[in-house]
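Reproduced below: target_31.cif, with mmCIF, N, CA, C and O atoms.
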data_upload
#
loop_
_atom_site.label_atom_id
_atom_site.label_comp_id
_atom_site.auth_asym_id
_atom_site.auth_seq_id
_atom_site.Cartn_x
_atom_site.Cartn_y
_atom_site.Cartn_z
N MET A 1260 112.32 107.77 100.16
CA MET A 1260 111.66 108.87 100.82
C MET A 1260 110.23 109.01 100.33
O MET A 1260 109.31 109.08 101.14
N GLN A 1261 110.03 109.07 99.02
CA GLN A 1261 108.69 109.26 98.49
C GLN A 1261 107.76 108.14 98.91
O GLN A 1261 106.61 108.38 99.30
N ASP A 1262 108.25 106.91 98.84
CA ASP A 1262 107.43 105.76 99.23
C ASP A 1262 106.99 105.89 100.69
O ASP A 1262 105.82 105.69 101.02
N GLN A 1263 107.93 106.20 101.56
CA GLN A 1263 107.60 106.28 102.98
C GLN A 1263 106.62 107.41 103.27
O GLN A 1263 105.69 107.25 104.06
N VAL A 1264 106.79 108.55 102.63
CA VAL A 1264 105.88 109.68 102.84
C VAL A 1264 104.49 109.33 102.32
O VAL A 1264 103.49 109.56 103.01
N LEU A 1265 104.41 108.76 101.12
CA LEU A 1265 103.10 108.44 100.55
C LEU A 1265 102.40 107.33 101.32
O LEU A 1265 101.18 107.37 101.51
N ILE A 1266 103.15 106.35 101.77
CA ILE A 1266 102.53 105.27 102.57
C ILE A 1266 102.03 105.83 103.90
O ILE A 1266 100.92 105.55 104.32
N ALA A 1267 102.84 106.66 104.54
CA ALA A 1267 102.41 107.26 105.82
C ALA A 1267 101.18 108.13 105.62
O ALA A 1267 100.26 108.11 106.44
N ALA A 1268 101.14 108.88 104.52
CA ALA A 1268 100.00 109.74 104.26
C ALA A 1268 98.75 108.95 103.92
O ALA A 1268 97.63 109.42 104.14
N SER A 1269 98.92 107.75 103.41
CA SER A 1269 97.76 106.94 103.03
C SER A 1269 97.16 106.17 104.20
O SER A 1269 96.05 105.66 104.10
N LEU A 1270 97.89 106.08 105.31
CA LEU A 1270 97.40 105.35 106.48
C LEU A 1270 96.68 106.28 107.44
O LEU A 1270 97.19 107.35 107.79
N ASP A 1271 95.52 105.86 107.87
CA ASP A 1271 94.75 106.65 108.82
C ASP A 1271 95.41 106.61 110.19
O ASP A 1271 95.84 105.56 110.65
N GLY A 1272 95.54 107.74 110.83
CA GLY A 1272 96.10 107.80 112.18
C GLY A 1272 97.61 107.97 112.23
O GLY A 1272 98.19 107.98 113.32
N VAL A 1273 98.28 108.11 111.09
CA VAL A 1273 99.73 108.31 111.07
C VAL A 1273 100.00 109.80 110.85
O VAL A 1273 99.36 110.44 110.02
N ASP A 1274 100.93 110.35 111.61
CA ASP A 1274 101.29 111.76 111.47
C ASP A 1274 102.29 111.91 110.33
O ASP A 1274 103.50 111.93 110.53
N ALA A 1275 101.77 112.03 109.12
CA ALA A 1275 102.62 112.12 107.93
C ALA A 1275 103.41 113.43 107.92
O ALA A 1275 104.52 113.47 107.39
N LEU A 1276 102.84 114.49 108.49
CA LEU A 1276 103.56 115.77 108.50
C LEU A 1276 104.85 115.68 109.32
O LEU A 1276 105.84 116.34 108.99
N ARG A 1277 104.86 114.85 110.35
CA ARG A 1277 106.09 114.66 111.13
C ARG A 1277 107.16 114.00 110.27
O ARG A 1277 108.34 114.35 110.32
N ILE A 1278 106.76 113.04 109.46
CA ILE A 1278 107.70 112.37 108.56
C ILE A 1278 108.21 113.34 107.50
O ILE A 1278 109.41 113.38 107.20
N VAL A 1279 107.30 114.15 106.95
CA VAL A 1279 107.69 115.16 105.96
C VAL A 1279 108.69 116.13 106.58
O VAL A 1279 109.71 116.45 105.97
N ASP A 1280 108.42 116.60 107.78
CA ASP A 1280 109.33 117.53 108.46
C ASP A 1280 110.70 116.92 108.69
O ASP A 1280 111.72 117.59 108.56
N GLY A 1281 110.72 115.65 109.05
CA GLY A 1281 112.00 114.97 109.27
C GLY A 1281 112.83 114.88 108.00
O GLY A 1281 114.04 115.15 108.01
N TYR A 1282 112.19 114.52 106.91
CA TYR A 1282 112.92 114.46 105.63
C TYR A 1282 113.35 115.85 105.18
O TYR A 1282 114.45 116.03 104.65
N ARG A 1283 112.49 116.84 105.40
CA ARG A 1283 112.85 118.20 104.99
C ARG A 1283 114.09 118.68 105.75
O ARG A 1283 115.00 119.26 105.17
N ALA A 1284 114.14 118.41 107.05
CA ALA A 1284 115.30 118.79 107.85
C ALA A 1284 116.56 118.06 107.38
O ALA A 1284 117.64 118.66 107.30
N ALA A 1285 116.41 116.79 107.04
CA ALA A 1285 117.57 116.01 106.58
C ALA A 1285 118.11 116.55 105.25
O ALA A 1285 119.33 116.67 105.07
N TYR A 1286 117.21 116.90 104.33
CA TYR A 1286 117.66 117.45 103.04
C TYR A 1286 118.25 118.84 103.20
O TYR A 1286 119.22 119.19 102.52
N ALA A 1287 117.70 119.64 104.09
CA ALA A 1287 118.27 120.98 104.33
C ALA A 1287 119.68 120.86 104.90
O ALA A 1287 120.59 121.61 104.51
N GLU A 1288 119.87 119.91 105.80
CA GLU A 1288 121.21 119.68 106.36
C GLU A 1288 122.17 119.20 105.27
O GLU A 1288 123.33 119.60 105.24
N ARG A 1289 121.68 118.36 104.39
CA ARG A 1289 122.52 117.87 103.28
C ARG A 1289 122.96 119.02 102.39
O ARG A 1289 124.11 119.09 101.96
N ILE A 1290 122.05 119.95 102.11
CA ILE A 1290 122.40 121.11 101.28
C ILE A 1290 123.47 121.95 101.97
O ILE A 1290 124.43 122.39 101.34
N ARG A 1291 123.32 122.17 103.27
CA ARG A 1291 124.34 122.93 104.01
C ARG A 1291 125.70 122.25 103.94
O ARG A 1291 126.73 122.89 103.75
N TYR A 1292 125.71 120.93 104.07
CA TYR A 1292 126.97 120.19 104.01
C TYR A 1292 127.59 120.27 102.62
O TYR A 1292 128.78 120.51 102.48
N LEU A 1293 126.77 120.08 101.59
CA LEU A 1293 127.28 120.07 100.22
C LEU A 1293 127.85 121.42 99.80
O LEU A 1293 128.80 121.48 99.03
N SER A 1294 127.27 122.49 100.29
CA SER A 1294 127.75 123.81 99.89
C SER A 1294 129.10 124.15 100.51
O SER A 1294 129.78 125.06 100.04
N HIS A 1295 129.52 123.42 101.54
CA HIS A 1295 130.81 123.71 102.19
C HIS A 1295 131.91 122.71 101.83
O HIS A 1295 133.05 122.94 102.17
N GLU A 1296 131.56 121.62 101.19
CA GLU A 1296 132.54 120.58 100.92
C GLU A 1296 132.82 120.44 99.43
O GLU A 1296 132.24 119.62 98.75
N ALA A 1297 133.69 121.28 98.90
CA ALA A 1297 134.07 121.18 97.49
C ALA A 1297 135.50 121.68 97.32
O ALA A 1297 135.76 122.87 97.36
N ASP A 1298 136.42 120.74 97.13
CA ASP A 1298 137.82 121.12 96.97
C ASP A 1298 138.35 120.87 95.57
O ASP A 1298 139.50 121.11 95.29
N SER A 1299 137.52 120.37 94.67
CA SER A 1299 137.92 120.18 93.28
C SER A 1299 136.75 120.49 92.38
O SER A 1299 135.60 120.55 92.81
N ARG A 1300 137.05 120.67 91.11
CA ARG A 1300 136.00 120.99 90.15
C ARG A 1300 135.00 119.85 89.99
O ARG A 1300 133.80 120.07 89.89
N ALA A 1301 135.51 118.63 89.94
CA ALA A 1301 134.63 117.46 89.78
C ALA A 1301 133.72 117.31 91.00
O ALA A 1301 132.52 117.04 90.87
N LEU A 1302 134.27 117.49 92.18
CA LEU A 1302 133.48 117.39 93.39
C LEU A 1302 132.46 118.51 93.47
O LEU A 1302 131.32 118.30 93.90
N LEU A 1303 132.85 119.70 93.01
CA LEU A 1303 131.92 120.82 92.99
C LEU A 1303 130.73 120.51 92.08
O LEU A 1303 129.58 120.78 92.44
N ALA A 1304 130.99 119.92 90.91
CA ALA A 1304 129.91 119.57 89.98
C ALA A 1304 129.01 118.49 90.57
O ALA A 1304 127.78 118.56 90.46
N ALA A 1305 129.61 117.49 91.20
CA ALA A 1305 128.82 116.42 91.83
C ALA A 1305 127.99 116.98 92.98
O ALA A 1305 126.81 116.62 93.13
N ASN A 1306 128.59 117.84 93.78
CA ASN A 1306 127.85 118.45 94.89
C ASN A 1306 126.71 119.32 94.38
O ASN A 1306 125.63 119.35 94.97
N ARG A 1307 126.93 120.02 93.28
CA ARG A 1307 125.87 120.86 92.71
C ARG A 1307 124.70 119.99 92.25
O ARG A 1307 123.55 120.34 92.47
N ALA A 1308 125.00 118.87 91.62
CA ALA A 1308 123.93 117.96 91.17
C ALA A 1308 123.16 117.41 92.37
O ALA A 1308 121.92 117.36 92.35
N ALA A 1309 123.87 117.03 93.41
CA ALA A 1309 123.21 116.52 94.62
C ALA A 1309 122.39 117.61 95.29
O ALA A 1309 121.30 117.36 95.81
N GLU A 1310 122.90 118.83 95.27
CA GLU A 1310 122.17 119.96 95.86
C GLU A 1310 120.87 120.22 95.11
O GLU A 1310 119.83 120.46 95.71
N LEU A 1311 120.92 120.15 93.79
CA LEU A 1311 119.70 120.35 93.00
C LEU A 1311 118.67 119.25 93.29
O LEU A 1311 117.47 119.53 93.38
N GLY A 1312 119.14 118.02 93.45
CA GLY A 1312 118.24 116.93 93.81
C GLY A 1312 117.61 117.15 95.17
O GLY A 1312 116.42 116.90 95.37
N ALA A 1313 118.41 117.62 96.12
CA ALA A 1313 117.90 117.87 97.47
C ALA A 1313 116.89 119.01 97.47
O ALA A 1313 115.87 118.96 98.16
N LYS A 1314 117.15 120.05 96.67
CA LYS A 1314 116.21 121.16 96.58
C LYS A 1314 114.89 120.71 95.95
O LYS A 1314 113.82 121.13 96.38
N ALA A 1315 114.97 119.83 94.95
CA ALA A 1315 113.76 119.29 94.34
C ALA A 1315 112.97 118.45 95.34
O ALA A 1315 111.74 118.51 95.40
N ALA A 1316 113.68 117.68 96.16
CA ALA A 1316 113.02 116.87 97.18
C ALA A 1316 112.32 117.77 98.20
O ALA A 1316 111.18 117.49 98.60
N ILE A 1317 112.97 118.84 98.61
CA ILE A 1317 112.36 119.78 99.56
C ILE A 1317 111.13 120.42 98.94
O ILE A 1317 110.10 120.58 99.62
N GLU A 1318 111.21 120.78 97.69
CA GLU A 1318 110.05 121.38 97.01
C GLU A 1318 108.87 120.41 97.00
O GLU A 1318 107.73 120.79 97.27
N TRP A 1319 109.14 119.14 96.69
CA TRP A 1319 108.09 118.12 96.68
C TRP A 1319 107.52 117.92 98.09
O TRP A 1319 106.31 117.85 98.27
N LEU A 1320 108.40 117.87 99.08
CA LEU A 1320 107.95 117.72 100.47
C LEU A 1320 107.08 118.90 100.90
O LEU A 1320 106.08 118.71 101.60
N ASP A 1321 107.44 120.10 100.46
CA ASP A 1321 106.62 121.28 100.79
C ASP A 1321 105.24 121.18 100.15
O ASP A 1321 104.23 121.55 100.77
N GLU A 1322 105.17 120.68 98.92
CA GLU A 1322 103.87 120.50 98.27
C GLU A 1322 103.02 119.48 99.01
O GLU A 1322 101.81 119.69 99.21
N VAL A 1323 103.63 118.38 99.42
CA VAL A 1323 102.90 117.35 100.17
C VAL A 1323 102.43 117.93 101.51
O VAL A 1323 101.28 117.72 101.91
N ALA A 1324 103.28 118.68 102.19
CA ALA A 1324 102.92 119.27 103.48
C ALA A 1324 101.76 120.25 103.32
O ALA A 1324 100.83 120.26 104.14
N THR A 1325 101.78 121.05 102.26
CA THR A 1325 100.69 121.99 102.00
C THR A 1325 99.38 121.25 101.74
O THR A 1325 98.33 121.61 102.27
N THR A 1326 99.46 120.19 100.95
CA THR A 1326 98.27 119.38 100.66
C THR A 1326 97.72 118.75 101.92
O THR A 1326 96.52 118.78 102.18
N LEU A 1327 98.60 118.17 102.73
CA LEU A 1327 98.14 117.52 103.96
C LEU A 1327 97.61 118.52 104.98
O LEU A 1327 96.69 118.20 105.73
N ALA A 1328 98.18 119.72 105.00
CA ALA A 1328 97.70 120.74 105.95
C ALA A 1328 96.31 121.24 105.55
O ALA A 1328 95.46 121.46 106.42
N SER A 1329 96.07 121.39 104.25
CA SER A 1329 94.78 121.91 103.82
C SER A 1329 93.72 120.81 103.68
O SER A 1329 92.54 121.07 103.85
N HIS A 1330 94.15 119.61 103.37
CA HIS A 1330 93.24 118.46 103.22
C HIS A 1330 93.86 117.25 103.90
O HIS A 1330 94.49 116.41 103.23
N PRO A 1331 93.72 117.10 105.21
CA PRO A 1331 94.42 116.04 105.94
C PRO A 1331 94.18 114.62 105.41
O PRO A 1331 95.08 113.80 105.45
N GLY A 1332 93.02 114.35 104.89
CA GLY A 1332 92.74 112.99 104.41
C GLY A 1332 92.87 112.84 102.91
O GLY A 1332 92.42 111.84 102.34
N ALA A 1333 93.51 113.80 102.24
CA ALA A 1333 93.58 113.79 100.78
C ALA A 1333 94.25 112.55 100.22
O ALA A 1333 93.87 112.04 99.17
N LEU A 1334 95.24 112.04 100.90
CA LEU A 1334 95.99 110.88 100.39
C LEU A 1334 95.64 109.58 101.10
O LEU A 1334 96.20 108.54 100.78
N ALA A 1335 94.71 109.66 102.05
CA ALA A 1335 94.35 108.45 102.81
C ALA A 1335 93.59 107.48 101.93
O ALA A 1335 92.75 107.88 101.12
N GLN A 1336 93.90 106.22 102.06
CA GLN A 1336 93.25 105.16 101.30
C GLN A 1336 92.63 104.18 102.28
O GLN A 1336 93.30 103.69 103.18
N PRO A 1337 91.34 103.87 102.10
CA PRO A 1337 90.74 102.88 103.00
C PRO A 1337 91.31 101.49 102.72
O PRO A 1337 91.76 101.20 101.62
N ARG A 1338 91.29 100.67 103.74
CA ARG A 1338 91.77 99.30 103.56
C ARG A 1338 90.77 98.52 102.75
O ARG A 1338 89.56 98.68 102.89
N SER A 1339 91.27 97.66 101.92
CA SER A 1339 90.41 96.84 101.08
C SER A 1339 89.94 95.62 101.86
O SER A 1339 90.76 94.95 102.51
N PRO A 1340 88.65 95.30 101.80
CA PRO A 1340 88.17 94.11 102.51
C PRO A 1340 88.51 92.81 101.78
O PRO A 1340 88.40 91.74 102.34
N GLU A 1341 88.94 92.92 100.53
CA GLU A 1341 89.26 91.73 99.74
C GLU A 1341 90.69 91.28 100.01
O GLU A 1341 91.60 92.09 100.11
N ARG A 1342 90.85 89.98 100.10
CA ARG A 1342 92.20 89.43 100.24
C ARG A 1342 92.87 89.43 98.88
O ARG A 1342 92.21 89.22 97.87
N PRO A 1343 94.16 89.62 98.84
CA PRO A 1343 94.84 89.58 97.54
C PRO A 1343 94.79 88.18 96.95
O PRO A 1343 94.84 87.18 97.67
N ARG A 1344 94.65 88.12 95.66
CA ARG A 1344 94.61 86.82 94.99
C ARG A 1344 96.04 86.35 94.79
O ARG A 1344 96.92 87.11 94.44
N ARG A 1345 96.23 85.07 94.99
CA ARG A 1345 97.58 84.50 94.88
C ARG A 1345 97.54 83.33 93.90
O ARG A 1345 96.52 82.70 93.68
N GLY A 1346 98.68 83.04 93.35
CA GLY A 1346 98.79 81.89 92.47
C GLY A 1346 98.34 82.19 91.05
O GLY A 1346 98.01 83.30 90.69
N ARG A 1347 98.34 81.14 90.26
CA ARG A 1347 97.95 81.28 88.86
C ARG A 1347 96.44 81.31 88.71
O ARG A 1347 95.72 80.70 89.48
N ARG A 1348 96.02 81.95 87.66
CA ARG A 1348 94.61 81.94 87.34
C ARG A 1348 94.26 80.58 86.76
O ARG A 1348 95.09 79.95 86.11
N PRO A 1349 93.04 80.14 86.96
CA PRO A 1349 92.66 78.85 86.39
C PRO A 1349 92.78 78.87 84.86
O PRO A 1349 92.42 79.87 84.22
N ALA A 1350 93.29 77.79 84.31
CA ALA A 1350 93.45 77.71 82.86
C ALA A 1350 92.08 77.52 82.21
O ALA A 1350 91.18 76.91 82.78
N ALA A 1351 91.94 78.06 81.02
CA ALA A 1351 90.68 77.89 80.28
C ALA A 1351 90.56 76.43 79.88
O ALA A 1351 91.55 75.70 79.76
N GLU A 1352 89.34 75.99 79.66
CA GLU A 1352 89.11 74.61 79.23
C GLU A 1352 89.89 74.36 77.94
O GLU A 1352 89.82 75.14 77.00
N ALA A 1353 90.62 73.27 77.91
CA ALA A 1353 91.41 72.93 76.73
C ALA A 1353 90.47 72.42 75.64
O ALA A 1353 89.55 71.67 75.89
N ALA A 1354 90.73 72.86 74.42
CA ALA A 1354 89.91 72.41 73.29
C ALA A 1354 90.32 70.98 72.95
O ALA A 1354 91.49 70.61 73.03
N PRO A 1355 89.35 70.12 72.59
CA PRO A 1355 89.71 68.74 72.26
C PRO A 1355 90.59 68.68 71.01
O PRO A 1355 90.40 69.43 70.07
N ALA A 1356 91.57 67.81 71.06
CA ALA A 1356 92.49 67.64 69.94
C ALA A 1356 91.83 66.81 68.87
O ALA A 1356 91.16 65.84 69.13
N ASP A 1357 91.98 67.17 67.62
CA ASP A 1357 91.41 66.41 66.51
C ASP A 1357 92.40 65.48 65.88
O ASP A 1357 93.50 65.58 65.77
#

Kindly present the structure from the file in structure tokens form.
Amino acid sequence: MQDQVLIAASLDGVDALRIVDGYRAAYAERIRYLSHEADSRALLAANRAAELGAKAAIEWLDEVATTLASHPGALAQPRSPERPRRGRRPAAEAAPAD
């Protein structure tokens, strides 16, 4: 989730807020489901842990949405004109053996 939101926010012309809203809705639905599905103590503890994770994700998504709403290009990164370097770096000149 974080990777997809940050990548979308870094690309010019992508509606990152739509992606944030989609994830927020999915996590809210997950919280609703988790709060109703607990028939044992172990499952209740596991659901509580998952619920806390989902609430933390929603909090992070809300922060990203606030940032993007107030500063739309805050996370945008321009494309680099340089091609990525591939392969090994050239070896240094070998010293002559004595």

Can you pull out every residue within 10 Å of Ala1335 of chain A, counting only C-alpha atoms, but drop anything in the same chain fewer than 4 positions away, and send it as a list in words?
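That gives Leu1265, Ile1266, Ala1267, Ala1268, Ser1269, Leu1270, Asp1271, Gly1272, Val1273, Leu1327 and Pro1331 of chain A.
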
Hey, can you check how far atom CA of Arg1277 of chain A sits from atom CA of Ala1308 of chain A?
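These atoms are spaced 27.0 Å apart.
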
Could you tell me how far atom CA of Leu1311 of chain A sits from atom CA of Gly1281 of chain A, in Å to one decimal place?
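Computing it gives 18.8 Å between the two atoms.
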
Once the PyMOL selection byres ((chain A and resi 1314-1321) around 8) is applied to the coordinates I shared, what remains selected? I want it as a VMD selection string.
chain A and resid 1275 to 1276 1279 to 1280 1282 to 1284 1286 to 1287 1290 1307 to 1313 1322 to 1328

May I ask for the distance between atom O of Ile1278 of chain A and atom O of Ser1339 of chain A, given in Å to one decimal place?
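Atom-to-atom, atom O of Ile1278 of chain A and atom O of Ser1339 of chain A are spaced 26.6 Å apart.
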